[in-house]
file entry-v1.txt (compact mmCIF, C-alpha atoms)
# COMPACT_ATOMS: atom_id res chain seq x y z
CA MET A 1 -15.32 5.71 8.58
CA ASN A 2 -14.23 2.94 10.96
CA LYS A 3 -10.61 3.54 12.03
CA LYS A 4 -8.25 0.73 11.09
CA ARG A 5 -7.00 -1.51 13.85
CA GLU A 6 -3.22 -1.23 14.04
CA VAL A 7 -1.16 -4.37 13.43
CA GLN A 8 2.29 -3.82 14.84
CA SER A 9 5.38 -4.31 12.69
CA SER A 10 9.08 -3.83 13.42
CA VAL A 11 9.59 -2.89 9.76
CA LYS A 12 9.21 0.80 8.87
CA ASP A 13 9.06 0.54 5.07
CA GLU A 14 5.32 0.81 4.32
CA SER A 15 5.62 -0.56 0.78
CA LEU A 16 7.51 -3.61 2.05
CA ILE A 17 4.95 -4.12 4.82
CA GLU A 18 2.16 -4.06 2.24
CA LYS A 19 4.01 -6.51 -0.02
CA ARG A 20 4.87 -9.01 2.73
CA ARG A 21 1.40 -8.89 4.26
CA ALA A 22 -0.18 -9.51 0.87
CA GLN A 23 2.00 -12.64 0.60
CA MET A 24 0.89 -13.71 4.08
CA ILE A 25 -2.77 -13.21 3.21
CA ARG A 26 -2.52 -15.36 0.07
CA GLY A 27 -0.76 -18.17 1.92
CA ALA A 28 -3.00 -17.98 4.99
CA VAL A 29 -6.27 -18.04 3.03
CA THR A 30 -5.35 -21.34 1.39
CA LEU A 31 -4.31 -22.87 4.72
CA PHE A 32 -7.28 -21.55 6.70
CA LYS A 33 -9.68 -22.90 4.11
CA GLN A 34 -7.99 -26.32 3.99
CA LYS A 35 -7.19 -26.83 7.68
CA GLY A 36 -9.13 -24.19 9.59
CA PHE A 37 -7.68 -21.33 11.60
CA HIS A 38 -6.89 -23.24 14.79
CA ARG A 39 -5.10 -26.12 13.07
CA THR A 40 -2.91 -23.82 10.97
CA THR A 41 0.42 -22.76 12.48
CA THR A 42 2.31 -19.51 11.92
CA ARG A 43 5.23 -21.59 10.65
CA GLU A 44 2.99 -23.02 7.93
CA ILE A 45 1.78 -19.52 7.03
CA ALA A 46 5.37 -18.31 6.75
CA LYS A 47 6.29 -21.24 4.50
CA ALA A 48 3.23 -20.68 2.28
CA ALA A 49 4.13 -16.99 2.05
CA GLY A 50 7.68 -17.83 1.00
CA PHE A 51 9.72 -16.62 3.94
CA SER A 52 10.97 -17.70 7.39
CA ILE A 53 9.05 -17.68 10.64
CA GLY A 54 11.39 -14.95 11.89
CA THR A 55 10.51 -12.74 8.93
CA LEU A 56 6.80 -13.39 9.51
CA TYR A 57 7.02 -11.99 13.03
CA GLU A 58 8.61 -8.80 11.74
CA TYR A 59 5.26 -7.96 10.14
CA ILE A 60 2.69 -9.34 12.61
CA ARG A 61 2.60 -10.34 16.27
CA THR A 62 0.02 -13.13 16.37
CA LYS A 63 -1.81 -15.56 14.10
CA GLU A 64 -4.97 -13.57 14.85
CA ASP A 65 -3.27 -10.58 13.21
CA VAL A 66 -3.07 -12.56 9.97
CA LEU A 67 -6.76 -13.47 10.13
CA TYR A 68 -7.61 -9.82 10.75
CA LEU A 69 -5.54 -8.81 7.70
CA VAL A 70 -7.45 -11.33 5.57
CA CYS A 71 -10.77 -9.80 6.66
CA ASP A 72 -9.59 -6.23 6.23
CA SER A 73 -8.25 -6.93 2.73
CA ILE A 74 -11.81 -7.73 1.60
CA TYR A 75 -13.18 -4.41 2.81
CA ASP A 76 -10.26 -2.48 1.33
CA GLU A 77 -11.03 -4.05 -2.05
CA VAL A 78 -14.77 -3.35 -1.75
CA HIS A 79 -14.01 0.31 -1.12
CA ALA A 80 -11.53 0.41 -4.00
CA ARG A 81 -14.13 -0.92 -6.44
CA LEU A 82 -17.10 1.10 -5.23
CA ASP A 83 -15.38 4.43 -4.54
CA SER A 84 -15.41 5.24 -8.27
CA LEU A 85 -19.23 5.31 -8.26
CA ASP A 86 -21.17 8.50 -7.64
CA ILE A 87 -23.03 7.34 -4.55
CA GLU A 88 -24.42 10.81 -3.88
CA LYS A 89 -26.24 10.80 -7.23
CA GLY A 90 -27.63 7.32 -6.89
CA SER A 91 -29.93 5.82 -9.49
CA LEU A 92 -30.96 2.33 -10.51
CA ASP A 93 -28.15 2.36 -13.07
CA VAL A 94 -25.61 3.19 -10.36
CA LEU A 95 -27.12 0.52 -8.07
CA VAL A 96 -26.85 -2.11 -10.82
CA THR A 97 -23.22 -1.13 -11.45
CA ALA A 98 -22.46 -1.30 -7.72
CA LEU A 99 -23.94 -4.79 -7.52
CA GLU A 100 -21.89 -5.87 -10.53
CA HIS A 101 -18.67 -4.55 -8.95
CA TYR A 102 -19.44 -6.12 -5.58
CA TYR A 103 -20.52 -9.52 -6.92
CA SER A 104 -17.50 -9.63 -9.25
CA LEU A 105 -15.29 -8.96 -6.23
CA ILE A 106 -16.86 -11.93 -4.45
CA ASP A 107 -15.98 -14.05 -7.47
CA ASP A 108 -12.37 -12.83 -7.32
CA MET A 109 -12.12 -13.34 -3.54
CA GLN A 110 -14.26 -16.44 -2.98
CA ASP A 111 -11.80 -18.11 -0.62
CA GLU A 112 -11.28 -14.91 1.40
CA PHE A 113 -15.04 -14.52 1.94
CA VAL A 114 -15.42 -18.14 3.03
CA VAL A 115 -12.50 -17.87 5.46
CA MET A 116 -13.76 -14.59 6.89
CA TYR A 117 -17.21 -15.92 7.73
CA GLN A 118 -15.97 -19.29 8.94
CA GLU A 119 -13.10 -18.05 11.10
CA SER A 120 -13.80 -14.45 12.17
CA LYS A 121 -15.16 -15.76 15.48
CA SER A 122 -11.53 -16.52 16.36
CA LEU A 123 -10.57 -12.83 16.26
CA PRO A 124 -9.93 -10.90 19.48
CA LYS A 125 -12.96 -8.92 20.64
CA ASP A 126 -11.71 -5.54 19.37
CA ALA A 127 -10.72 -6.95 15.97
CA LEU A 128 -14.05 -8.76 15.60
CA GLN A 129 -15.93 -5.56 16.40
CA TYR A 130 -13.86 -3.73 13.78
CA VAL A 131 -14.74 -6.37 11.16
CA LEU A 132 -18.45 -6.21 12.05
CA ASN A 133 -18.43 -2.41 11.84
CA LYS A 134 -16.70 -2.56 8.45
CA GLU A 135 -19.41 -4.88 7.20
CA LEU A 136 -22.07 -2.43 8.33
CA GLU A 137 -20.23 0.30 6.42
CA MET A 138 -20.46 -1.79 3.26
CA VAL A 139 -24.18 -2.38 3.81
CA ALA A 140 -24.62 1.36 4.37
CA LEU A 141 -23.33 2.01 0.84
CA PHE A 142 -26.23 0.01 -0.59
CA GLU A 143 -28.63 1.63 1.86
CA ARG A 144 -27.61 5.09 0.61
CA LEU A 145 -28.01 4.00 -3.01
CA LEU A 146 -31.48 2.63 -2.35
CA ALA A 147 -32.48 5.80 -0.51
CA GLU A 148 -31.34 7.87 -3.50
CA CYS A 149 -33.46 5.69 -5.82
CA VAL A 150 -36.46 6.27 -3.55
CA ASP A 151 -35.81 10.03 -3.47
CA SER A 152 -35.65 10.11 -7.27
CA GLY A 153 -38.90 8.15 -7.56
CA GLU A 154 -37.32 5.09 -9.21
CA LEU A 155 -38.26 2.90 -6.25
CA LYS A 156 -41.03 3.05 -3.68
CA MET A 157 -39.88 1.73 -0.32
CA THR A 158 -40.25 2.62 3.34
CA GLN A 159 -37.19 3.34 5.48
CA LYS A 160 -37.45 -0.11 7.10
CA GLU A 161 -37.71 -1.75 3.68
CA ILE A 162 -34.62 0.14 2.51
CA LYS A 163 -32.67 -1.05 5.54
CA LEU A 164 -33.66 -4.70 5.11
CA ALA A 165 -33.15 -4.60 1.33
CA SER A 166 -29.61 -3.24 1.74
CA HIS A 167 -28.69 -6.28 3.85
CA HIS A 168 -30.44 -8.51 1.32
CA LEU A 169 -28.40 -7.10 -1.57
CA PHE A 170 -25.21 -7.53 0.42
CA VAL A 171 -25.82 -11.11 1.53
CA GLN A 172 -27.26 -12.46 -1.73
CA GLY A 173 -23.99 -11.88 -3.55
CA GLN A 174 -22.14 -13.95 -0.96
CA MET A 175 -24.12 -16.98 -2.11
CA TRP A 176 -21.62 -17.15 -4.97
CA ALA A 177 -18.84 -17.94 -2.50
CA PHE A 178 -20.76 -20.21 -0.14
CA ARG A 179 -22.85 -22.10 -2.71
CA ARG A 180 -20.39 -22.13 -5.59
CA TRP A 181 -20.28 -25.93 -5.54
CA ALA A 182 -24.02 -26.01 -6.30
CA LEU A 183 -24.01 -23.22 -8.91
CA ARG A 184 -21.62 -24.71 -11.44
CA ASP A 185 -24.21 -24.35 -14.22
CA PHE A 186 -23.88 -20.56 -13.93
CA THR A 187 -21.10 -18.25 -15.04
CA ILE A 188 -20.43 -15.26 -12.81
CA GLN A 189 -21.98 -13.02 -15.49
CA GLU A 190 -25.17 -15.11 -15.51
CA PHE A 191 -25.28 -15.10 -11.72
CA ILE A 192 -24.92 -11.31 -11.53
CA LYS A 193 -27.56 -10.69 -14.21
CA THR A 194 -30.11 -13.11 -12.75
CA GLN A 195 -29.61 -12.08 -9.14
CA THR A 196 -29.85 -8.40 -10.05
CA GLN A 197 -33.09 -9.03 -11.95
CA PHE A 198 -34.56 -10.97 -9.01
CA LEU A 199 -33.56 -8.29 -6.53
CA LEU A 200 -34.82 -5.34 -8.55
CA GLN A 201 -38.07 -7.09 -9.49
CA GLY A 202 -38.64 -7.85 -5.83
CA MET A 203 -38.08 -4.24 -4.78
CA ALA A 204 -40.03 -2.66 -7.61
CA GLY A 205 -42.85 -5.21 -7.84
CA GLU A 206 -46.39 -5.12 -6.53
CA LYS A 207 -46.74 -5.04 -2.76
CA ILE A 208 -48.36 -8.28 -1.57
CA SER A 209 -50.15 -8.38 1.79
CA ILE A 210 -48.92 -11.31 3.90
CA GLN A 211 -51.51 -12.63 6.31
CA GLY A 212 -50.45 -12.29 9.93
CA ALA A 213 -47.61 -9.86 9.10

call {"tool": "encode", "arguments": {"input": "entry-v1.txt", "output": "structure tokens"}}
result
Amino acid sequence: MNKKREVQSSVKDESLIEKRRAQMIRGAVTLFKQKGFHRTTTREIAKAAGFSIGTLYEYIRTKEDVLYLVCDSIYDEVHARLDSLDIEKGSLDVLVTALEHYYSLIDDMQDEFVVMYQESKSLPKDALQYVLNKELEMVALFERLLAECVDSGELKMTQKEIKLASHHLFVQGQMWAFRRWALRDFTIQEFIKTQTQFLLQGMAGEKISIQGA
């Protein structure tokens, strides 16, 4: 598990830190999406969160800290939703449920996903590396599930195909956040069902030889 990057706070009450940072995240996401990270000020974030600039700096040290918290909140929520699944006893049913949980999360956190991928380049090097490692951890969950399906005989895939497919599963769901403006004819339920069918049919279907590959 990738160790969390510490964000310094002068406040010792952990429950209060969690509450105030959640308020910051909500306010910052709206501002970052509307104005971009660099054009948003910490004073604006504080106002959107509902407290003073002085209070803001009791819970973070820099604007980059806020962006990091936005990114980390996504991964915390992914873990919270997928931890209830029995990854060690993976099956196609478990894989389908995992996709449903993950794609539903993207629907709930559309703005956070957009901000993360648009603005994460502004993170300090160590924070960016943490975010990239967390993403690989999420992909690894799908990789383990696919490997379990192969071991049980439900899917036939090589190790390389499993690796590539795990990234494919992960990225395809993010289409809902990035292409939402073009997918207004679909409900989230229709999107999940159709994408899952496409993905599973592609993995379980007949192998086609591609000339030159």

call {"tool": "closest_residue", "arguments": {"input": "entry-v1.txt", "among": "A:Leu92, A:Leu69, A:Val131, A:Ile60", "to": "A:Arg26", "atoms": "all atoms listed in the file"}}
result
A:Leu69

call {"tool": "closest_residue", "arguments": {"input": "entry-v1.txt", "among": "A:Ser73, A:Thr41, A:Ser166, A:Thr187", "to": "A:Met138", "atoms": "only C-alpha atoms"}}
result
A:Ser166

call {"tool": "closest_residue", "arguments": {"input": "entry-v1.txt", "among": "A:Arg21, A:Arg144, A:Arg184, A:Leu99", "to": "A:Gln159", "atoms": "only C-alpha atoms"}}
result
A:Arg144

call {"tool": "axis_aligned_box", "arguments": {"input": "entry-v1.txt", "around": "stretch 97-103 of chain A", "padding_each_side": "5 Å", "output": "lines of an AutoDock Vina configuration file"}}
result
center_x = -21.3
center_y = -5.3
center_z = -8.5
size_x = 15.3
size_y = 18.4
size_z = 15.9

call {"tool": "atom_distance", "arguments": {"input": "entry-v1.txt", "atom1": "atom CA of A:Asp108", "atom2": "atom CA of A:Trp176"}}
result
10.5 Å

call {"tool": "residues_around", "arguments": {"input": "entry-v1.txt", "residues": "A:Val11", "least_positions_apart": "3", "cutoff": "7 Å", "atoms": "all atoms listed in the file", "output": "ChimeraX atom specification"}}
result
/A:17,58-59

call {"tool": "decode", "arguments": {"input": "entry-v1.txt", "residues": "stretch 54-66 of chain A", "atoms": "all heavy atoms", "output": "tab-separated table (two decimals), in the first residue's frame"}}
result
chain	number	residue	atom	x	y	z
A	54	GLY	N	-7.20	32.68	7.15
A	54	GLY	CA	-6.40	32.27	8.32
A	54	GLY	C	-6.75	30.85	8.75
A	54	GLY	O	-5.86	30.04	9.06
A	55	THR	N	-8.04	30.56	8.76
A	55	THR	CA	-8.49	29.20	9.12
A	55	THR	C	-7.99	28.19	8.10
A	55	THR	O	-7.57	27.09	8.46
A	55	THR	CB	-10.02	29.15	9.21
A	55	THR	OG1	-10.46	30.06	10.23
A	55	THR	CG2	-10.50	27.75	9.54
A	56	LEU	N	-8.03	28.55	6.83
A	56	LEU	CA	-7.56	27.65	5.77
A	56	LEU	C	-6.14	27.19	6.05
A	56	LEU	O	-5.83	25.99	5.96
A	56	LEU	CB	-7.62	28.36	4.42
A	56	LEU	CG	-7.17	27.54	3.21
A	56	LEU	CD1	-8.32	26.69	2.68
A	56	LEU	CD2	-6.62	28.43	2.10
A	57	TYR	N	-5.27	28.15	6.43
A	57	TYR	CA	-3.87	27.82	6.62
A	57	TYR	C	-3.59	27.08	7.93
A	57	TYR	O	-2.45	26.70	8.18
A	57	TYR	CB	-3.00	29.07	6.50
A	57	TYR	CG	-2.75	29.47	5.06
A	57	TYR	CD1	-3.28	30.64	4.53
A	57	TYR	CD2	-1.99	28.65	4.22
A	57	TYR	CE1	-3.07	30.99	3.20
A	57	TYR	CE2	-1.77	28.99	2.89
A	57	TYR	CZ	-2.31	30.15	2.39
A	57	TYR	OH	-2.10	30.48	1.08
A	58	GLU	N	-4.61	26.87	8.72
A	58	GLU	CA	-4.46	26.00	9.88
A	58	GLU	C	-4.52	24.52	9.47
A	58	GLU	O	-4.09	23.65	10.21
A	58	GLU	CB	-5.56	26.27	10.91
A	58	GLU	CG	-5.44	27.62	11.59
A	58	GLU	CD	-6.58	27.86	12.56
A	58	GLU	OE1	-7.46	27.00	12.68
A	58	GLU	OE2	-6.58	28.94	13.21
A	59	TYR	N	-5.05	24.27	8.27
A	59	TYR	CA	-5.27	22.89	7.83
A	59	TYR	C	-4.41	22.46	6.64
A	59	TYR	O	-4.30	21.28	6.35
A	59	TYR	CB	-6.75	22.69	7.49
A	59	TYR	CG	-7.63	22.88	8.69
A	59	TYR	CD1	-8.20	24.12	8.98
A	59	TYR	CD2	-7.88	21.82	9.56
A	59	TYR	CE1	-8.99	24.31	10.10
A	59	TYR	CE2	-8.67	21.99	10.69
A	59	TYR	CZ	-9.22	23.24	10.95
A	59	TYR	OH	-10.00	23.42	12.07
A	60	ILE	N	-3.82	23.43	5.94
A	60	ILE	CA	-2.91	23.14	4.83
A	60	ILE	C	-1.81	24.19	4.85
A	60	ILE	O	-1.89	25.16	5.60
A	60	ILE	CB	-3.62	23.16	3.45
A	60	ILE	CG1	-4.43	24.46	3.24
A	60	ILE	CG2	-4.54	21.95	3.33
A	60	ILE	CD1	-3.77	25.49	2.38
A	61	ARG	N	-0.77	23.97	4.04
A	61	ARG	CA	0.31	24.95	3.96
A	61	ARG	C	0.36	25.65	2.60
A	61	ARG	O	0.79	26.79	2.51
A	61	ARG	CB	1.66	24.26	4.24
A	61	ARG	CG	1.83	23.81	5.69
A	61	ARG	CD	1.91	25.00	6.64
A	61	ARG	NE	2.00	24.59	8.04
A	61	ARG	CZ	0.96	24.44	8.85
A	61	ARG	NH1	-0.28	24.68	8.38
A	61	ARG	NH2	1.11	24.10	10.11
A	62	THR	N	-0.07	24.96	1.55
A	62	THR	CA	0.03	25.52	0.21
A	62	THR	C	-1.22	25.17	-0.59
A	62	THR	O	-1.98	24.26	-0.23
A	62	THR	CB	1.25	24.96	-0.55
A	62	THR	OG1	1.05	23.56	-0.79
A	62	THR	CG2	2.54	25.17	0.23
A	63	LYS	N	-1.40	25.86	-1.70
A	63	LYS	CA	-2.52	25.54	-2.60
A	63	LYS	C	-2.33	24.15	-3.20
A	63	LYS	O	-3.31	23.44	-3.44
A	63	LYS	CB	-2.60	26.61	-3.71
A	63	LYS	CG	-3.82	26.44	-4.62
A	63	LYS	CD	-4.00	27.63	-5.54
A	63	LYS	CE	-2.88	27.81	-6.51
A	63	LYS	NZ	-3.18	28.83	-7.57
A	64	GLU	N	-1.08	23.75	-3.41
A	64	GLU	CA	-0.80	22.41	-3.93
A	64	GLU	C	-1.29	21.33	-2.95
A	64	GLU	O	-1.69	20.24	-3.38
A	64	GLU	CB	0.70	22.24	-4.20
A	64	GLU	CG	1.21	22.97	-5.42
A	64	GLU	CD	1.37	24.47	-5.21
A	64	GLU	OE1	1.29	24.93	-4.04
A	64	GLU	OE2	1.57	25.19	-6.20
A	65	ASP	N	-1.27	21.63	-1.66
A	65	ASP	CA	-1.80	20.70	-0.67
A	65	ASP	C	-3.28	20.42	-0.93
A	65	ASP	O	-3.75	19.29	-0.79
A	65	ASP	CB	-1.65	21.25	0.76
A	65	ASP	CG	-0.23	21.14	1.29
A	65	ASP	OD1	0.57	20.38	0.72
A	65	ASP	OD2	0.07	21.84	2.30
A	66	VAL	N	-4.01	21.46	-1.29
A	66	VAL	CA	-5.45	21.31	-1.55
A	66	VAL	C	-5.66	20.42	-2.78
A	66	VAL	O	-6.51	19.52	-2.77
A	66	VAL	CB	-6.14	22.67	-1.76
A	66	VAL	CG1	-7.64	22.47	-1.99
A	66	VAL	CG2	-5.90	23.59	-0.56
